[in-house]
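Peer 1: Okay, so here is final39.txt, and as you'll see once you scroll down, it has compact mmCIF, C-alpha atoms.
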# COMPACT_ATOMS: atom_id res chain seq x y z
CA MET W 1 -29.24 0.33 -11.27
CA SER W 2 -32.23 2.62 -11.36
CA SER W 3 -30.53 4.79 -14.02
CA ALA W 4 -31.02 1.91 -16.45
CA GLN W 5 -34.79 2.27 -16.21
CA PRO W 6 -36.62 3.76 -19.19
CA LEU W 7 -36.94 7.50 -18.76
CA TYR W 8 -40.33 8.95 -18.12
CA PRO W 9 -41.19 11.86 -20.41
CA ASP W 10 -42.07 14.09 -17.47
CA GLU W 11 -38.70 13.81 -15.74
CA PRO W 12 -35.31 15.33 -16.59
CA PRO W 13 -32.61 13.01 -17.93
CA PRO W 14 -29.95 11.86 -15.45
CA PRO W 15 -26.93 14.19 -15.48
CA ALA W 16 -23.76 12.79 -17.08
CA ARG W 17 -21.30 11.22 -14.66
CA GLY W 18 -17.54 11.72 -14.59
CA LEU W 19 -14.78 9.21 -15.20
CA THR W 20 -12.92 7.08 -12.66
CA ARG W 21 -9.14 7.10 -12.45
CA GLU W 22 -8.95 3.83 -14.39
CA GLU W 23 -11.21 5.22 -17.13
CA ARG W 24 -9.18 8.45 -17.42
CA GLY W 25 -5.87 6.62 -17.88
CA ARG W 26 -2.45 7.49 -16.52
CA ASP W 27 -2.31 10.85 -14.77
CA VAL W 28 1.14 12.37 -15.34
CA SER W 29 2.48 15.77 -16.34
CA LYS W 30 3.42 16.50 -19.97
CA ALA W 31 7.15 16.48 -19.14
CA GLN W 32 6.87 13.09 -17.43
CA ALA W 33 4.84 11.65 -20.32
CA GLU W 34 7.73 12.63 -22.65
CA VAL W 35 10.24 10.86 -20.39
CA GLU W 36 8.05 7.75 -20.17
CA ALA W 37 7.68 7.65 -23.97
CA GLU W 38 11.43 7.00 -24.29
CA THR W 39 12.25 3.32 -24.78
CA SER W 40 15.97 3.63 -24.13
CA THR W 41 16.89 3.61 -20.43
CA GLY W 42 19.85 5.90 -21.04
CA LYS W 43 17.73 8.53 -22.76
CA ARG W 44 15.11 8.21 -20.07
CA LEU W 45 17.67 8.85 -17.34
CA LEU W 46 19.09 11.76 -19.34
CA LYS W 47 15.65 13.34 -19.85
CA SER W 48 14.75 12.90 -16.18
CA MET W 49 17.73 15.16 -15.36
CA ASP W 50 15.98 17.99 -17.23
CA PRO W 51 14.97 20.73 -14.74
CA ARG W 52 11.60 20.95 -16.56
CA PHE W 53 10.87 17.36 -15.53
CA VAL W 54 11.74 18.06 -11.90
CA MET W 55 9.63 21.25 -11.90
CA SER W 56 6.67 19.38 -13.39
CA MET W 57 6.27 17.48 -10.11
CA ALA W 58 4.62 20.61 -8.73
CA ASP W 59 2.03 20.57 -11.54
CA GLY W 60 -1.53 20.05 -10.41
CA TYR W 61 -1.03 21.90 -7.12
CA PRO W 62 -2.97 25.10 -6.39
CA ALA W 63 -1.28 28.45 -7.04
CA VAL W 64 1.14 29.64 -4.30
CA LEU W 65 1.61 26.04 -3.11
CA LYS W 66 2.86 25.21 -6.61
CA GLN W 67 5.38 28.05 -6.58
CA PHE W 68 6.55 27.07 -3.09
CA LEU W 69 7.00 23.47 -4.22
CA GLN W 70 8.94 24.62 -7.29
CA PHE W 71 11.21 26.63 -5.00
CA CYS W 72 11.78 23.50 -2.88
CA LEU W 73 12.41 21.43 -6.02
CA ILE W 74 15.08 23.94 -7.15
CA LEU W 75 16.74 23.53 -3.73
CA ILE W 76 16.86 19.74 -4.02
CA TYR W 77 17.80 19.74 -7.73
CA PRO W 78 21.52 18.98 -7.07
CA ALA W 79 20.48 16.02 -4.90
CA TRP W 80 18.13 14.89 -7.68
CA LEU W 81 20.98 15.03 -10.22
CA PHE W 82 23.18 13.03 -7.86
CA GLY W 83 20.38 10.46 -7.39
CA VAL W 84 19.87 10.02 -11.14
CA LEU W 85 23.64 9.65 -11.71
CA ALA W 86 23.87 7.12 -8.85
CA ALA W 87 20.91 5.20 -10.33
CA ALA W 88 22.63 5.25 -13.75
CA ALA W 89 25.92 4.01 -12.22
CA ILE W 90 24.16 1.11 -10.43
CA TYR W 91 21.98 0.30 -13.46
CA TYR W 92 24.82 0.13 -15.98
CA SER W 93 27.23 -1.78 -13.70
CA VAL W 94 24.60 -4.42 -12.75
CA TYR W 95 23.27 -4.56 -16.33
CA GLY W 96 26.82 -4.94 -17.68
CA VAL W 97 27.62 -7.86 -15.35
CA LEU W 98 24.33 -9.60 -16.18
CA TRP W 99 24.91 -8.95 -19.90
CA VAL W 100 28.25 -10.78 -19.71
CA VAL W 101 26.93 -13.58 -17.45
CA PHE W 102 23.94 -14.32 -19.67
CA SER W 103 25.67 -13.83 -23.04
CA PRO W 104 26.12 -17.60 -23.69
CA ILE W 105 22.37 -18.14 -23.17
CA ARG W 106 21.56 -15.13 -25.34
CA LEU W 107 23.81 -16.35 -28.14
CA TRP W 108 22.28 -19.83 -27.92
CA MET W 109 18.79 -18.28 -28.15
CA LYS W 110 19.88 -16.14 -31.11
CA LYS W 111 21.09 -19.22 -32.96
CA ASN W 112 18.41 -21.77 -32.03
CA ARG W 113 15.30 -19.69 -31.23
CA PRO W 114 15.56 -16.64 -33.51
CA ASP W 115 11.86 -15.69 -33.16
CA ASP W 116 11.93 -15.72 -29.35
CA TYR W 117 15.22 -13.82 -29.41
CA ALA W 118 13.80 -11.14 -31.70
CA ALA W 119 10.73 -10.83 -29.43
CA SER W 120 12.92 -10.42 -26.33
CA GLN W 121 14.91 -7.62 -28.01
CA ARG W 122 11.78 -5.60 -28.78
CA LYS W 123 10.78 -3.09 -26.14
CA MET V 1 -30.58 53.07 7.93
CA GLY V 2 -30.86 50.12 5.57
CA LEU V 3 -27.70 48.65 7.03
CA PHE V 4 -29.32 48.07 10.42
CA ARG V 5 -32.77 47.14 9.18
CA ARG V 6 -33.79 43.72 10.43
CA SER V 7 -34.02 41.38 7.44
CA THR V 8 -36.94 39.03 7.54
CA SER V 9 -35.92 35.41 7.58
CA ILE V 10 -37.01 32.82 5.06
CA ASP V 11 -37.31 29.11 5.53
CA VAL V 12 -37.68 26.12 3.20
CA THR V 13 -39.35 22.91 4.35
CA VAL V 14 -40.00 19.84 2.24
CA SER V 15 -42.86 17.45 2.84
CA PRO V 16 -42.98 14.53 3.00
CA THR V 17 -39.47 14.26 4.41
CA VAL V 18 -39.12 10.71 3.11
CA ALA V 19 -39.93 9.98 -0.53
CA VAL V 20 -39.48 7.24 -3.11
CA PRO V 21 -38.74 7.59 -6.85
CA ARG V 22 -41.66 8.98 -8.91
CA GLN V 23 -43.25 10.47 -5.78
CA THR V 24 -44.06 14.16 -5.66
CA VAL V 25 -42.65 16.24 -2.82
CA THR V 26 -43.62 19.79 -1.98
CA ALA V 27 -41.33 22.59 -0.85
CA THR V 28 -42.95 25.30 1.23
CA ILE V 29 -41.26 28.67 1.45
CA SER V 30 -42.33 30.52 4.55
CA GLY V 31 -41.46 34.09 5.48
CA SER V 32 -40.58 36.90 3.14
CA LEU V 33 -37.58 38.91 2.00
CA ASP V 34 -37.29 42.43 0.61
CA ARG V 35 -34.78 44.12 -1.72
CA VAL V 36 -34.62 40.90 -3.75
CA ARG V 37 -33.09 41.02 -7.24
CA SER V 38 -33.63 37.35 -8.16
CA ALA V 39 -34.51 34.09 -6.47
CA ARG V 40 -33.91 30.58 -7.68
CA LEU V 41 -35.39 27.32 -6.46
CA ASP V 42 -33.11 24.37 -7.16
CA TRP V 43 -34.00 20.70 -6.69
CA GLY V 44 -31.14 18.24 -6.59
CA TYR V 45 -28.68 16.51 -4.35
CA THR V 46 -25.38 17.17 -2.61
CA ASN V 47 -23.02 14.52 -3.89
CA PHE V 48 -20.37 13.28 -1.44
CA PHE V 49 -17.15 11.93 -2.94
CA ARG V 50 -13.38 11.65 -2.51
CA TYR V 51 -10.93 13.19 -4.95
CA HIS V 52 -7.22 13.58 -5.52
CA TRP V 53 -6.77 17.14 -4.34
CA ALA V 54 -3.38 18.10 -5.77
CA GLY V 55 -0.56 16.84 -7.94
CA HIS V 56 -0.66 14.19 -10.63
CA ALA V 57 -1.63 10.82 -9.18
CA ASP V 58 0.93 8.85 -11.22
CA SER V 59 3.73 11.43 -10.95
CA ALA V 60 7.31 10.32 -10.29
CA ALA V 61 7.06 12.26 -7.02
CA ALA V 62 4.08 10.11 -5.99
CA GLN V 63 6.21 7.00 -6.53
CA VAL V 64 9.07 8.50 -4.49
CA ASN V 65 6.50 9.36 -1.82
CA ASP V 66 5.33 5.73 -1.72
CA ASP V 67 8.94 4.56 -1.40
CA LEU V 68 9.54 6.95 1.51
CA TRP V 69 6.30 5.77 3.10
CA LEU V 70 7.50 2.15 2.90
CA LEU V 71 10.79 3.21 4.52
CA GLY V 72 8.81 4.58 7.45
CA GLU V 73 8.93 8.28 6.48
CA VAL V 74 5.18 8.73 6.78
CA GLY V 75 5.45 12.46 7.43
CA THR V 76 5.88 13.30 3.76
CA ASN V 77 3.05 13.17 1.34
CA TYR V 78 2.50 14.09 -2.27
CA GLY V 79 -1.02 15.15 -3.12
CA GLY V 80 -3.42 12.89 -1.32
CA ASP V 81 -7.16 12.31 -1.29
CA ARG V 82 -9.81 14.42 0.38
CA ASP V 83 -13.52 14.17 1.07
CA THR V 84 -15.66 16.81 -0.52
CA GLU V 85 -19.20 17.50 -1.74
CA GLU V 86 -20.72 19.17 -4.75
CA TRP V 87 -24.24 20.26 -5.62
CA VAL V 88 -25.91 18.44 -8.51
CA SER V 89 -28.90 20.33 -9.86
CA VAL V 90 -31.78 18.31 -11.30
CA THR V 91 -34.32 21.07 -12.01
CA ALA V 92 -34.11 24.78 -11.26
CA THR V 93 -36.75 27.49 -11.59
CA ASP V 94 -36.57 31.25 -11.16
CA LEU V 95 -39.18 32.46 -8.70
CA PRO V 96 -41.36 35.45 -9.54
CA ILE V 97 -40.32 38.62 -7.73
CA ALA V 98 -42.93 41.37 -7.34
CA THR V 99 -41.60 44.83 -6.40
CA GLY V 100 -38.40 43.40 -5.01
CA GLU V 101 -40.17 41.19 -2.50
CA LEU V 102 -40.04 37.41 -2.29
CA ALA V 103 -43.13 35.97 -0.69
CA GLY V 104 -43.78 32.44 0.47
CA GLY V 105 -45.30 29.71 -1.67
CA SER V 106 -45.42 26.02 -2.45
CA TYR V 107 -43.57 24.24 -5.25
CA ASP V 108 -43.80 20.60 -6.34
CA PHE V 109 -41.06 18.26 -7.52
CA ARG V 110 -41.34 14.70 -8.73
CA VAL V 111 -38.37 12.57 -7.59
CA PRO V 112 -36.89 11.08 -10.81
CA SER V 113 -36.87 7.33 -11.34
CA TRP V 114 -33.06 7.37 -11.60
CA ALA V 115 -32.58 9.22 -8.28
CA PRO V 116 -29.61 7.93 -6.27
CA ALA V 117 -30.74 6.89 -2.79
CA SER V 118 -29.94 9.21 0.10
CA SER V 119 -26.96 8.09 2.16
CA GLU V 120 -24.09 9.70 4.04
CA GLU V 121 -21.67 8.35 1.46
CA ILE V 122 -23.36 9.35 -1.81
CA ALA V 123 -26.20 11.87 -1.75
CA ARG V 124 -28.33 14.24 0.34
CA TRP V 125 -31.44 15.40 -1.51
CA SER V 126 -32.56 18.98 -0.95
CA CYS V 127 -34.57 21.87 -2.26
CA ARG V 128 -32.31 24.93 -2.28
CA LEU V 129 -33.45 28.51 -2.35
CA THR V 130 -30.79 30.98 -3.48
CA VAL V 131 -31.71 34.63 -3.17
CA ASP V 132 -29.67 37.42 -4.70
CA ARG V 133 -30.56 40.71 -3.00
CA ASP V 134 -29.26 44.15 -2.17
CA GLY V 135 -28.57 43.12 1.41
CA ARG V 136 -27.07 39.84 2.54
CA ASP V 137 -27.71 37.02 0.05
CA VAL V 138 -29.73 34.11 1.37
CA ASP V 139 -29.12 30.42 0.78
CA ALA V 140 -31.72 28.24 2.51
CA ARG V 141 -32.44 24.59 1.98
CA GLY V 142 -34.91 21.93 2.99
CA ASP V 143 -33.68 18.34 3.02
CA PHE V 144 -35.58 15.17 2.28
CA THR V 145 -34.63 11.51 2.11
CA VAL V 146 -34.99 9.38 -1.03
CA LEU V 147 -35.49 5.72 -0.26
CA ILE V 148 -35.10 3.01 -2.88
CA ARG V 149 -37.48 0.08 -2.42
CA PRO V 150 -36.95 -3.34 -4.02
CA GLU V 151 -39.59 -2.52 -6.67
CA ASP V 152 -37.70 0.69 -7.63
CA ALA V 153 -34.51 -1.19 -8.46
CA ASP V 154 -34.24 -2.30 -12.05
CA ALA V 155 -31.76 -5.13 -11.67
CA GLY V 156 -31.25 -8.21 -13.77
CA ASP V 157 -29.07 -11.25 -13.19
CA GLU V 158 -25.59 -9.80 -13.65
CA PRO V 159 -22.73 -12.03 -14.90
CA MET V 160 -19.96 -13.23 -12.58
CA GLU V 161 -16.72 -11.23 -12.52
CA ARG V 162 -13.41 -13.02 -11.94
CA TYR V 163 -10.98 -10.48 -10.49
CA ASP V 164 -8.19 -12.75 -9.26
CA GLY V 165 -6.81 -16.18 -10.01
CA ALA V 166 -6.31 -18.30 -13.12
CA GLY V 167 -9.82 -19.73 -13.39
CA GLU V 168 -8.65 -23.31 -12.76
CA THR V 169 -11.86 -23.81 -10.84
CA VAL V 170 -14.92 -22.17 -12.36
CA ILE V 171 -16.83 -20.57 -9.48
CA ASP V 172 -20.45 -19.63 -9.94
CA ILE V 173 -22.59 -17.90 -7.33
CA ALA V 174 -26.32 -18.58 -7.65
CA LEU V 175 -28.68 -16.17 -5.91
CA PRO V 176 -32.48 -16.36 -5.87
CA SER V 177 -32.76 -12.61 -6.41
CA PRO V 178 -30.37 -9.79 -7.43
CA VAL V 179 -32.01 -7.28 -5.03
CA TYR V 180 -31.53 -7.23 -1.25
CA ALA V 181 -32.42 -4.80 1.49
CA ALA V 182 -29.88 -3.50 3.99
CA GLY V 183 -29.56 -5.92 6.91
CA GLN V 184 -31.09 -8.76 4.94
CA VAL V 185 -29.59 -12.24 4.86
CA VAL V 186 -28.38 -13.26 1.40
CA ARG V 187 -28.86 -16.98 0.88
CA GLY V 188 -27.35 -18.64 -2.15
CA GLN V 189 -25.13 -21.38 -3.47
CA VAL V 190 -21.54 -21.49 -4.65
CA ARG V 191 -20.88 -24.00 -7.40
CA LEU V 192 -17.26 -25.10 -7.86
CA THR V 193 -16.37 -26.76 -11.17
CA PRO V 194 -12.68 -27.77 -11.23
CA THR V 195 -11.20 -27.88 -14.74
CA ALA V 196 -8.45 -30.31 -13.65
CA ASP V 197 -7.48 -32.39 -10.61
CA LEU V 198 -6.44 -29.74 -8.12
CA PRO V 199 -5.27 -29.64 -4.48
CA GLU V 200 -7.96 -29.39 -1.81
CA GLY V 201 -9.60 -25.99 -1.48
CA ASP V 202 -10.77 -23.66 1.29
CA LEU V 203 -13.86 -21.67 0.34
CA ARG V 204 -15.00 -18.34 1.84
CA VAL V 205 -17.70 -15.86 0.96
CA SER V 206 -18.48 -12.31 2.06
CA TRP V 207 -20.19 -9.16 0.87
CA GLN V 208 -18.15 -6.50 -0.88
CA ARG V 209 -18.94 -2.86 -1.47
CA HIS V 210 -17.17 -0.37 -3.67
CA ARG V 211 -17.61 3.39 -3.45
CA GLU V 212 -16.13 4.77 -6.65
CA SER V 213 -14.89 8.29 -7.25
CA HIS V 214 -15.60 9.77 -10.71
CA PRO V 215 -15.83 13.55 -10.37
CA LEU V 216 -16.75 15.61 -13.41
CA THR V 217 -14.14 18.34 -12.98
CA LYS V 218 -11.90 17.40 -10.04
CA ASN V 219 -9.30 14.62 -10.23
CA PRO V 220 -10.66 11.19 -9.31
CA CYS V 221 -8.81 9.20 -6.66
CA ALA V 222 -8.02 5.52 -6.64
CA THR V 223 -10.64 3.57 -4.71
CA ALA V 224 -10.66 -0.01 -3.51
CA PRO V 225 -13.51 -2.31 -2.58
CA VAL V 226 -14.19 -3.08 1.08
CA ASP V 227 -14.87 -6.68 2.07
CA GLY V 228 -17.31 -7.68 4.79
CA PRO V 229 -16.78 -10.31 7.48
CA VAL V 230 -15.69 -13.60 5.96
CA VAL V 231 -17.96 -16.67 6.18
CA LYS V 232 -15.87 -19.85 5.98
CA LEU V 233 -17.76 -22.45 3.96
CA GLY V 234 -15.42 -25.40 3.93
CA LYS V 235 -11.87 -26.54 4.54
CA GLY V 236 -10.16 -29.20 2.47
CA ILE V 237 -12.84 -29.41 -0.24
CA PRO V 238 -11.74 -32.09 -2.76
CA LEU V 239 -11.42 -30.57 -6.23
CA ARG V 240 -11.47 -33.24 -8.93
CA ALA V 241 -12.09 -32.65 -12.64
CA GLY V 242 -15.62 -33.57 -13.64
CA SER V 243 -17.07 -33.51 -10.10
CA PRO V 244 -18.68 -30.14 -9.41
CA ILE V 245 -19.45 -29.24 -5.81
CA VAL V 246 -22.33 -27.09 -4.61
CA VAL V 247 -21.99 -25.33 -1.24
CA PRO V 248 -24.89 -23.30 0.23
CA PHE V 249 -24.12 -20.08 2.11
CA GLU V 250 -25.65 -17.24 4.12
CA VAL V 251 -24.21 -13.72 4.26
CA THR V 252 -25.81 -10.94 6.30
CA LEU V 253 -25.63 -7.46 4.80
CA PRO V 254 -24.90 -4.60 7.23
CA ALA V 255 -28.04 -2.97 8.64
CA ASP V 256 -26.72 0.52 7.83
CA ALA V 257 -25.62 -0.38 4.28
CA ALA V 258 -25.66 2.59 1.90
CA PRO V 259 -27.89 1.52 -1.02
CA THR V 260 -26.55 0.89 -4.51
CA ALA V 261 -26.47 4.27 -6.22
CA ALA V 262 -25.09 5.93 -9.33
CA ALA V 263 -24.55 9.66 -8.87
CA VAL V 264 -22.57 12.18 -10.93
CA HIS V 265 -19.36 12.27 -8.88
CA SER V 266 -19.48 8.95 -7.02
CA SER V 267 -21.31 5.67 -7.01
CA MET V 268 -21.87 2.71 -4.72
CA SER V 269 -21.81 -0.91 -5.89
CA TRP V 270 -22.40 -4.10 -3.94
CA PHE V 271 -21.24 -7.64 -4.60
CA ILE V 272 -21.25 -11.12 -3.10
CA ARG V 273 -17.73 -12.45 -3.45
CA ALA V 274 -16.24 -15.91 -3.09
CA GLU V 275 -12.59 -16.85 -2.73
CA LEU V 276 -11.01 -20.26 -3.06
CA PHE V 277 -7.58 -21.02 -1.61
CA TYR V 278 -5.71 -24.11 -2.78
CA ALA V 279 -3.82 -26.26 -0.25
CA GLY V 280 -0.04 -26.48 -0.35
CA PHE V 281 2.77 -24.28 -1.58
CA THR V 282 2.13 -24.85 -5.25
CA SER V 283 1.70 -22.45 -8.11
CA HIS V 284 -2.11 -22.50 -7.95
CA MET V 285 -3.34 -18.95 -7.50
CA THR V 286 -6.18 -18.04 -5.19
CA GLU V 287 -9.43 -17.67 -7.14
CA ARG V 288 -11.58 -14.64 -6.40
CA VAL V 289 -14.91 -13.97 -8.07
CA ARG V 290 -17.83 -11.68 -7.34
CA LYS V 291 -21.42 -11.28 -8.39
CA PRO V 292 -23.05 -7.84 -8.47
CA ILE V 293 -26.16 -7.38 -6.34
CA VAL V 294 -28.35 -4.34 -5.77
CA VAL V 295 -28.78 -3.18 -2.18
CA VAL V 296 -31.89 -1.15 -1.43
CA ASN V 297 -33.23 0.53 1.70
CA SER V 298 -34.85 -1.57 4.35
CA VAL V 299 -38.40 -0.18 4.26
CA GLY V 300 -40.95 -1.05 6.91
Mind turning the file's structure into structure tokens?

Peer 2:
Amino acid sequence: MSSAQPLYPDEPPPPARGLTREERGRDVSKAQAEVEAETSTGKRLLKSMDPRFVMSMADGYPAVLKQFLQFCLILIYPAWLFGVLAAAAIYYSVYGVLWVVFSPIRLWMKKNRPDDYAASQRK
Amino acid sequence: MGLFRRSTSIDVTVSPTVAVPRQTVTATISGSLDRVRSARLDWGYTNFFRYHWAGHADSAAAQVNDDLWLLGEVGTNYGGDRDTEEWVSVTATDLPIATGELAGGSYDFRVPSWAPASSEEIARWSCRLTVDRDGRDVDARGDFTVLIRPEDADAGDEPMERYDGAGETVIDIALPSPVYAAGQVVRGQVRLTPTADLPEGDLRVSWQRHRESHPLTKNPCATAPVDGPVVKLGKGIPLRAGSPIVVPFEVTLPADAAPTAAAVHSSMSWFIRAELFYAGFTSHMTERVRKPIVVVNSVG
């Protein structure tokens, strides 16, 4: 509001403001950004098993707390691996069943609506 | 025995204690201090804001934390938001020190035209005296309040913002003025222009305020607008294409409303919002629109 007013020559300019969370964009660690850049679900699951990815969850914490969190993350790493493998097992079994169930529709789309089919295959 | 020598106290008072933009205020330093190396007089404000104190806000761990929270495991948390404050300097001057002694004096400051209004949620204006000395350093401050009057607000007629819904009914909020004082009644009209024949609608209006977090160095946190008490304007309003409907309304702003302000680390925005619900379990989405207004201090 008042910052939009013309500046008077005898007053200092308003100090620059920071950025909101929306303006800054997605706030993730470098390791997580690499995982999210993968388009293939399999590769994404594989990369999320990387200990570097798990450790990166402690990024952005103050020193000492960060090291303590990394220690805790090492402790739960086997459980994390199990969780990712369980997620992969559920994902591929459900995806496989749906792939078979919907294959007639997919083949019909491929034959009769090639443009829409091509668009649905892009990720 | 310098260790046990009684240090003379120093005090900063600002007069007048309530000022408006472009007004000059005077800081008076009373008392004196010895063994002073340097002294600095700083005019500015303490900016209050929330920030994300640790961790990456969109981290996978934050998502897992949200899932646990939904499962009822509220004891865990990843990162989180905290309230904090930071000093924003507007002008600073080094005070003259003669033979290591800081004596009293008076110093003027003109409140800038862009000054954010004083409020518990955004800013506290002060004159700060920071003294670096051989003994204990001194940090004294004198506070003053910056009030924004309607004539200080440079506000035009802002466009409507649609933040929910498909725009099947064009909603326009007409207000006689974009500037309102805290506690004032906002009187206006909502104009509904259906683009097609639609089910009957329920119309509500309320005020909305949004305190945003945009720190310069710390991590900003996600903020959400807060809606005021809802004023129901009509139930079962017929919405037919080509027949616009105009509904007058009155919304009272809270008496202790923090004025609209744009500071370095946080800002406060105010809106009048309208929402239109469609009758029945159909696929018509609720329409929500808002119109920015400027809230100023209630003076006099």

Peer 1: Interatomic distance between CA of Val179 (chain V) and CA of Gly156 (chain V)?

Peer 2: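 So the answer is 8.8 Å.
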
Peer 1: Counting only C-alpha atoms, which residues of chain W come no farther than 12 Å from chain V, as a count of residues only?

Peer 2: 53

Peer 1: Mind pulling up the distance from CA of Thr252 (chain V) to CA of Lys235 (chain V)?

Peer 2: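 Separation between CA of Lys235 (chain V) and CA of Thr252 (chain V): 21.0 Å.
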
Peer 1: Between CA of Arg128 (chain V) and CA of Asp256 (chain V), what distance in Å does the model show, to one decimal?

Peer 2: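 Calculated distance between CA of Arg128 (chain V) and CA of Asp256 (chain V) is 27.0 Å.
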
Peer 1: Considering all atoms listed in the file, can you say which of V:Asn297, V:Thr193, V:Gln184, V:Thr130 comes closest to Asp42 (chain V)?

Peer 2: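 Of V:Asn297, V:Thr193, V:Gln184, V:Thr130, the one nearest Asp42 (chain V), counting all atoms listed in the file, is V:Thr130.
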